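Asks: There's a structure below that I have some questions on.
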Amino acid sequence: MTTQESNQREGKLRDLLILVPYVKQHQLNLWLSIALMIISSVISIALPMFIRRAVDVHIMGYDLPGLLLLTSIAFGLILVTTSANIFRGRLMAKLGQNSIRALRDDLFAYMQRLPVKFFDKIPVGKLITRLTSDVDALRDLVGNAIVSMVIDTLRLTGFLALMFWLDWRLTLITLTLAPILVFALTFLTARIRKAEDQVREQASLVNANLQESISGIRVIQGFQAEDYFHEQFKIEDYNLLRAGMRAVATYAYFWPTIDLSWLLSTAAIFYFGGQWVMDGTATPGDLVAFIAYTGQFFGPLRGLSQAYRIIQRALAGAVRIKRIMATETEEKANLNPMPRITGKVEFENITFGYDPEEIVLHDISFAAEPGQTIALVGHTGAGKTSIINLLCRFYNPIQGRILVDGLDIHEHELESYRRQIGLVLQEPFLFSGTLRDNIRFGAPEATDEQIWDALETVGLAEAFTKSRITLDTILTERGANFSTGQRQLISFARALISDPRILILDEATAHVDTLTEQKVQQALAKLLAGRTSFVIAHRLSTIRNADLIIVIGDGHILERGTHEQLLAQKGEYWQLCSSQNMAQIC
Ligand code: CTP
Ligand code: MG
């Protein structure tokens with residue numbers, strides 16, 4: 001991933017076009033800022049001319065009132081520039097923040113719709129970095145670099161023009177020192193940019209590492225693996241330090257080099273300009289104004305090189321963001337919505353692998369009638385979850401079709417299809433928010449009454465009322481303030497509320513104790529009633545009651561039939577049943 005990323009990192013300016021629609025919304029701010037910048041630039045271009053006049057006319061002419069008047073005008077102009085700059089800074093910050101917020105928002109919405117496959121390949125921490133620091137790079141571009149580029153170019157041209165007009169000889173002397181600057185601005189910037197890229201890349205690894213160890217903290221502490229993770233973190237963090245040091249070390253040359261070239265030109269101007277003042281081909285005012293110009297000349301140069309860096313960063317960010325946005329979402333255009341289904345499910349010769357080179361499911365075919373319960377059993381890694389993943393359209397099969405009510409699910413709109421599927425997983429996804437939000441997130445229009453009904457059905461209502469848990473009770477992240485059984489039942493209630501036509505339980509009851517399991521069983525019976533259900537479980541009587549049991553082994557269907565039929569066969573299922581795990585159901 002890393003090498004691939006760095007190979008593709010070079011962005012083209014046209015990649016920045018993704019920003020246009022966002023900036024457009026606030027273009028008034030942009031134009032106003034540019035106008036304000038023009039005002040302050042014109043003033044800063046003009047000021048050295050005031051100095052020149054002050055020296056040559058008023059000071060040399062012993063004209064104190066004239067000097068006072070000139071100084072007052074200059075003072076007024078300086079006030080104008082300062083206010084213009086403050087105002088412009090605020091406008092640009094607003095522009096940057098607002099347009100980037102919109103971009104971040106779009107990116108989030110887009111990311112939520114990316115195929116699950118995408119998330120298999122990229123660590124969460126990296127993705128988070130993408131949503132934050134890459135987007136920040138673009139914010140700096142919008143809020144800073146765009147305007148600075150326009151204006152600094154203007155100022156630079158203005159300064160150069162006036163410098164030539166004042167004294168072309170001195171200007172040429174100043175420009176002979178340009179090679180040092182060109183060196184500083186190109187060579188050093190390129191190196192700094194490379195180093196900063198490494199810093200960002202490494203920072204995203206540190207973030208990925210942090211994210212993993214925080215979300216796994218219970219297991220880590222349980223296994224006393226803190227030291228191991230600390231070591232891992234130290235390694236990544238040390239690499240980050242080294243990358244950071246490299247960037248800083250290169251950067252340390254940057255300003256001194258620019259300052260050096262400025263100092264050298266000032267010295268040269270004094271020496272040669274001083275001579276020309278002495279021989280009368282230049283006035284003292286010319287010399288002083290010229291030195292003021294040389295000093296200011298480096299301002300826009302600095303601004304431009306900074307803008308250049310921001311653009312480079314933004315380019316890298318834009319490329320990565322574009323790559324996310326260019327990842328194909330699952331949806332083909334213009335598909336018909338999936339009508340309300342009765343729940344007949346057919347797999348027709350499905351072959352599938354997460355990696356096309358490595359086939360995980362071989363030629364799987366089966367049919368489930370509406371309302372039937374299908375149990376998928378088999379050893380770990382056999383391919384049970386993979387079948388479910390395909391049914392949910394998290395992945396696409398390599399060969400074969402999946403039909404629901406006779407309709408190919410890949411030829412119909414994803415959203416209207418998924419809405420009719422309920423998914424309950426071993427580790428229920430509960431998020432920080434109220435109990436209400438957690439239950440009705442599959443059916444946002446559900447009323448409190450319906451939610452309590454559902455809680456009643458899954459057998460939680462009584463216990464919740466007793467312990468004063470209301471729908472407004474806040475769940476901590478992943479529902480850590482509820483027991484595992486409660487969390488499972490909450491996720492049942494959620495499935496119940498969304499009233500899916502096809503229900504999928506992937507090991508949903510694997511880790512509940514026997515008492516809870518009884519409750520879960522009752523809740524389950526209600527949940528399964530009237531829906532086509534796929535159940536993956538190791539030790540549930542649900543398997544025994546299933547209308548069809550499919551035994552998977554190594555991605556093949558080994559056996560199929562009812563509990564009695566399969567036991568009578570004395571084959572794979574019988575063997576599975578005899579093993580410890582399944583003892584309870586046989
Ligand atoms: N697999 C994979 N990439 C994934 C998920 C799974 O390559 N993102 C592979 C696994 O290595 C496994 C095979 O796909 O060899 C089948 O996995 P799965 O369907 O998840 O197996 P289950 O039967 O669900 O196993 P378990 O009972 O452990 O859940
Ligand atoms: Mg599984």
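Identifiers in the structure tokens: chain A, B, ... in order shown; residue index from 1 per chain; ligand index from 1 in order shown.
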With only C-alpha atoms as the counted atoms, please give the residues lying no more than 9 Å from A:Met325, apart from itself and same-chain residues fewer than 2 positions off, as a ChimeraX atom specification.
Replies: /A:107,110-111,114,320-323,327-329
Asks: Write the residues of the selection above to a file with C-alpha atoms, as a short mmCIF file (atom, residue, chain, number, x, y, z; two decimals), in the first residue's frame.
Replies:
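Output file out.cif is given in full below:
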```cif
data_model
loop_
_atom_site.label_atom_id
_atom_site.label_comp_id
_atom_site.auth_asym_id
_atom_site.auth_seq_id
_atom_site.Cartn_x
_atom_site.Cartn_y
_atom_site.Cartn_z
CA LEU A 107 -16.41 12.64 1.88
CA TYR A 110 -19.32 8.90 0.32
CA MET A 111 -17.17 6.77 2.55
CA LEU A 114 -18.15 2.46 -0.17
CA ARG A 320 -5.88 10.66 -2.09
CA ILE A 321 -9.33 12.11 -1.59
CA LYS A 322 -10.07 11.74 -5.26
CA ARG A 323 -8.96 8.15 -5.11
CA THR A 327 -13.61 4.05 -5.72
CA GLU A 328 -16.61 2.55 -7.33
CA THR A 329 -19.61 2.43 -5.13
#
```
Asks: Give me, as a PyMOL selection string, all polymer residues having an atom no more than 10 Å from A:Ala184, counting only C-alpha atoms and skipping those fewer than 5 positions away in the same chain.
Replies: chain A and resi 178-179+189-190+253-258+261+305
Asks: If we count only C-alpha atoms and set the cut-off at 12 Å, which residues sit around A:Phe164, ignoring sequence neighbours fewer than 6 positions away in its own chain? Please answer as an MDAnalysis selection string.
Replies: chainID A and resid 157:158 170:175 286 290 293:294
Asks: Give the residues close to ligand 1, within 8 Å, counting only C-alpha atoms and all ligand atoms; write them as JSON, numbers by chain.
Replies: {"A": [117, 120, 353, 354, 355, 358, 360, 361, 377, 378, 379, 380, 381, 382, 383, 384, 385, 386, 387, 388, 506, 507, 552, 554, 555]}
Asks: I want to know what sits within 10 Å of A:Ile51, based on only C-alpha atoms, with residues of the same chain fewer than 6 positions away left out; could you give that as a list of chain:residue names?
Replies: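 Neighbouring residues, sequence-local ones excluded: A:Val57, A:His58, A:Leu67, A:Leu70, A:Thr71, A:Ala74, A:Gly285, A:Asp286, A:Val288, A:Ala289, A:Phe290, A:Ala292.
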Asks: For the selection just defined, write its residues with all heavy atoms to a file, as a short mmCIF file (atom, residue, chain, number, x, y, z; two decimals), in the first residue's frame.
Replies:
```cif
data_model
loop_
_atom_site.label_atom_id
_atom_site.label_comp_id
_atom_site.auth_asym_id
_atom_site.auth_seq_id
_atom_site.Cartn_x
_atom_site.Cartn_y
_atom_site.Cartn_z
N VAL A 57 13.14 65.07 -0.83
CA VAL A 57 12.49 66.38 -0.85
C VAL A 57 12.47 67.03 0.53
O VAL A 57 12.98 68.12 0.72
CB VAL A 57 11.06 66.29 -1.42
CG1 VAL A 57 10.40 67.67 -1.42
CG2 VAL A 57 11.09 65.68 -2.81
N HIS A 58 11.87 66.29 1.51
CA HIS A 58 11.60 66.96 2.78
C HIS A 58 12.81 66.98 3.71
O HIS A 58 13.11 68.01 4.30
CB HIS A 58 10.38 66.33 3.45
CG HIS A 58 9.16 66.41 2.58
ND1 HIS A 58 8.60 67.60 2.20
CD2 HIS A 58 8.43 65.44 1.98
CE1 HIS A 58 7.56 67.37 1.42
NE2 HIS A 58 7.43 66.06 1.26
N LEU A 67 7.35 67.05 5.90
CA LEU A 67 7.69 65.70 6.37
C LEU A 67 6.57 65.15 7.24
O LEU A 67 6.18 63.99 7.14
CB LEU A 67 9.00 65.76 7.16
CG LEU A 67 9.57 64.42 7.61
CD1 LEU A 67 9.93 63.57 6.40
CD2 LEU A 67 10.79 64.60 8.50
N LEU A 70 3.59 64.15 5.06
CA LEU A 70 3.87 62.90 4.35
C LEU A 70 3.80 61.70 5.29
O LEU A 70 3.20 60.67 4.99
CB LEU A 70 5.27 62.98 3.73
CG LEU A 70 5.55 61.93 2.67
CD1 LEU A 70 4.79 62.25 1.40
CD2 LEU A 70 7.04 61.85 2.38
N THR A 71 4.40 61.89 6.48
CA THR A 71 4.38 60.80 7.45
C THR A 71 2.95 60.47 7.87
O THR A 71 2.58 59.31 8.02
CB THR A 71 5.20 61.17 8.70
OG1 THR A 71 6.36 61.89 8.29
CG2 THR A 71 5.62 59.95 9.47
N ALA A 74 1.30 58.50 5.19
CA ALA A 74 1.82 57.14 5.22
C ALA A 74 1.21 56.37 6.38
O ALA A 74 0.81 55.20 6.25
CB ALA A 74 3.34 57.16 5.36
N GLY A 285 17.60 59.28 -1.47
CA GLY A 285 16.23 58.74 -1.42
C GLY A 285 16.11 57.48 -2.24
O GLY A 285 15.47 56.50 -1.82
N ASP A 286 16.74 57.50 -3.43
CA ASP A 286 16.71 56.30 -4.28
C ASP A 286 17.25 55.10 -3.50
O ASP A 286 16.67 54.03 -3.49
CB ASP A 286 17.60 56.49 -5.51
CG ASP A 286 16.95 57.42 -6.53
OD1 ASP A 286 15.72 57.63 -6.40
OD2 ASP A 286 17.66 57.92 -7.42
N VAL A 288 17.66 54.63 -0.20
CA VAL A 288 16.85 54.19 0.94
C VAL A 288 15.61 53.46 0.44
O VAL A 288 15.25 52.38 0.93
CB VAL A 288 16.45 55.39 1.81
CG1 VAL A 288 15.56 54.94 2.97
CG2 VAL A 288 17.69 56.09 2.35
N ALA A 289 14.94 54.03 -0.58
CA ALA A 289 13.74 53.39 -1.12
C ALA A 289 14.09 52.02 -1.67
O ALA A 289 13.36 51.04 -1.50
CB ALA A 289 13.12 54.26 -2.21
N PHE A 290 15.26 51.95 -2.32
CA PHE A 290 15.65 50.70 -2.93
C PHE A 290 15.87 49.61 -1.88
O PHE A 290 15.45 48.46 -2.04
CB PHE A 290 16.93 50.88 -3.75
CG PHE A 290 17.03 49.86 -4.83
CD1 PHE A 290 16.49 50.12 -6.08
CD2 PHE A 290 17.62 48.63 -4.60
CE1 PHE A 290 16.53 49.17 -7.07
CE2 PHE A 290 17.67 47.68 -5.58
CZ PHE A 290 17.12 47.94 -6.82
N ALA A 292 14.45 49.55 1.00
CA ALA A 292 13.12 49.18 1.48
C ALA A 292 12.47 48.17 0.52
O ALA A 292 11.86 47.18 0.94
CB ALA A 292 12.25 50.41 1.61
#
```
Asks: Find the residues near A:Gln372: any atom within 10 Å, counting only C-alpha atoms, skip ones fewer than 2 places away on the same chain, and give them as a list in words.
Replies: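 Residues meeting the cut-off are Gly343, Lys344, Val345, Ala367, Ala368, Glu369, Pro370, Ile374, Ala375, Ile502, Leu528, Ala529, Gly530, Arg531, Thr532, Ser533, Phe534, Ala546, Asp547 and Leu548 of chain A.
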Asks: Using only N, CA and C atoms, please write the residues we just selected to a file, as a PDB file, in the first residue's frame.
Replies:
```pdb
ATOM      1  N   GLY A 343     -39.453 -13.043  -0.010  1.00  0.00           N
ATOM      2  CA  GLY A 343     -38.315 -13.615   0.698  1.00  0.00           C
ATOM      3  C   GLY A 343     -37.832 -14.948   0.153  1.00  0.00           C
ATOM      4  N   LYS A 344     -38.125 -15.237  -1.117  1.00  0.00           N
ATOM      5  CA  LYS A 344     -37.546 -16.445  -1.717  1.00  0.00           C
ATOM      6  C   LYS A 344     -36.107 -16.119  -2.118  1.00  0.00           C
ATOM      7  N   VAL A 345     -35.183 -16.963  -1.680  1.00  0.00           N
ATOM      8  CA  VAL A 345     -33.772 -16.690  -1.954  1.00  0.00           C
ATOM      9  C   VAL A 345     -33.157 -17.868  -2.699  1.00  0.00           C
ATOM     10  N   ALA A 367     -31.778 -23.112  -2.498  1.00  0.00           N
ATOM     11  CA  ALA A 367     -32.959 -22.254  -2.558  1.00  0.00           C
ATOM     12  C   ALA A 367     -33.641 -22.250  -1.202  1.00  0.00           C
ATOM     13  N   ALA A 368     -34.137 -21.086  -0.809  1.00  0.00           N
ATOM     14  CA  ALA A 368     -34.902 -20.969   0.423  1.00  0.00           C
ATOM     15  C   ALA A 368     -36.263 -20.395   0.075  1.00  0.00           C
ATOM     16  N   GLU A 369     -37.303 -21.068   0.527  1.00  0.00           N
ATOM     17  CA  GLU A 369     -38.663 -20.572   0.270  1.00  0.00           C
ATOM     18  C   GLU A 369     -38.983 -19.462   1.265  1.00  0.00           C
ATOM     19  N   PRO A 370     -39.930 -18.581   0.911  1.00  0.00           N
ATOM     20  CA  PRO A 370     -40.284 -17.495   1.831  1.00  0.00           C
ATOM     21  C   PRO A 370     -40.673 -18.044   3.199  1.00  0.00           C
ATOM     22  N   ILE A 374     -33.099 -21.194   7.370  1.00  0.00           N
ATOM     23  CA  ILE A 374     -31.988 -21.961   6.818  1.00  0.00           C
ATOM     24  C   ILE A 374     -30.834 -21.886   7.806  1.00  0.00           C
ATOM     25  N   ALA A 375     -30.319 -23.004   8.194  1.00  0.00           N
ATOM     26  CA  ALA A 375     -29.167 -22.986   9.082  1.00  0.00           C
ATOM     27  C   ALA A 375     -27.924 -23.319   8.271  1.00  0.00           C
ATOM     28  N   ILE A 502     -35.837 -10.560   4.989  1.00  0.00           N
ATOM     29  CA  ILE A 502     -34.812 -11.592   5.127  1.00  0.00           C
ATOM     30  C   ILE A 502     -34.001 -11.253   6.373  1.00  0.00           C
ATOM     31  N   LEU A 528     -37.899 -14.792  14.078  1.00  0.00           N
ATOM     32  CA  LEU A 528     -37.812 -15.594  12.861  1.00  0.00           C
ATOM     33  C   LEU A 528     -39.165 -15.769  12.191  1.00  0.00           C
ATOM     34  N   ALA A 529     -40.228 -15.671  12.980  1.00  0.00           N
ATOM     35  CA  ALA A 529     -41.562 -15.987  12.463  1.00  0.00           C
ATOM     36  C   ALA A 529     -41.892 -15.150  11.231  1.00  0.00           C
ATOM     37  N   GLY A 530     -42.256 -15.831  10.162  1.00  0.00           N
ATOM     38  CA  GLY A 530     -42.748 -15.130   8.977  1.00  0.00           C
ATOM     39  C   GLY A 530     -41.674 -14.493   8.125  1.00  0.00           C
ATOM     40  N   ARG A 531     -40.388 -14.737   8.411  1.00  0.00           N
ATOM     41  CA  ARG A 531     -39.334 -14.182   7.560  1.00  0.00           C
ATOM     42  C   ARG A 531     -38.439 -15.305   7.077  1.00  0.00           C
ATOM     43  N   THR A 532     -37.842 -15.083   5.926  1.00  0.00           N
ATOM     44  CA  THR A 532     -36.811 -16.012   5.492  1.00  0.00           C
ATOM     45  C   THR A 532     -35.588 -15.710   6.349  1.00  0.00           C
ATOM     46  N   SER A 533     -35.078 -16.734   7.033  1.00  0.00           N
ATOM     47  CA  SER A 533     -33.988 -16.455   7.958  1.00  0.00           C
ATOM     48  C   SER A 533     -32.795 -17.346   7.676  1.00  0.00           C
ATOM     49  N   PHE A 534     -31.633 -16.742   7.804  1.00  0.00           N
ATOM     50  CA  PHE A 534     -30.393 -17.507   7.697  1.00  0.00           C
ATOM     51  C   PHE A 534     -29.715 -17.454   9.044  1.00  0.00           C
ATOM     52  N   ALA A 546     -34.568 -25.839  12.047  1.00  0.00           N
ATOM     53  CA  ALA A 546     -34.474 -25.187  10.737  1.00  0.00           C
ATOM     54  C   ALA A 546     -35.154 -26.035   9.669  1.00  0.00           C
ATOM     55  N   ASP A 547     -35.719 -25.344   8.666  1.00  0.00           N
ATOM     56  CA  ASP A 547     -36.365 -26.064   7.572  1.00  0.00           C
ATOM     57  C   ASP A 547     -35.322 -26.735   6.691  1.00  0.00           C
ATOM     58  N   LEU A 548     -34.150 -26.091   6.632  1.00  0.00           N
ATOM     59  CA  LEU A 548     -33.094 -26.654   5.797  1.00  0.00           C
ATOM     60  C   LEU A 548     -31.762 -26.387   6.474  1.00  0.00           C
TER      61      LEU A 548
END
```
Asks: Quick one: residues within 8 Å of stretch 444-460 of chain A, only C-alpha atoms counted, chain neighbours fewer than 3 positions away excluded, as a list of chain:residue names?
Replies: A:Arg436, A:Ile439, A:Arg440, A:Phe441, A:Ala463, A:Phe464, A:Leu471, A:Gln486, A:Leu489, A:Ile490, A:Phe492, A:Ala493, A:Arg494, A:Leu496, A:Ile497, A:Lys519, A:Val520, A:Gln522, A:Ala523, A:Leu524, A:Lys526
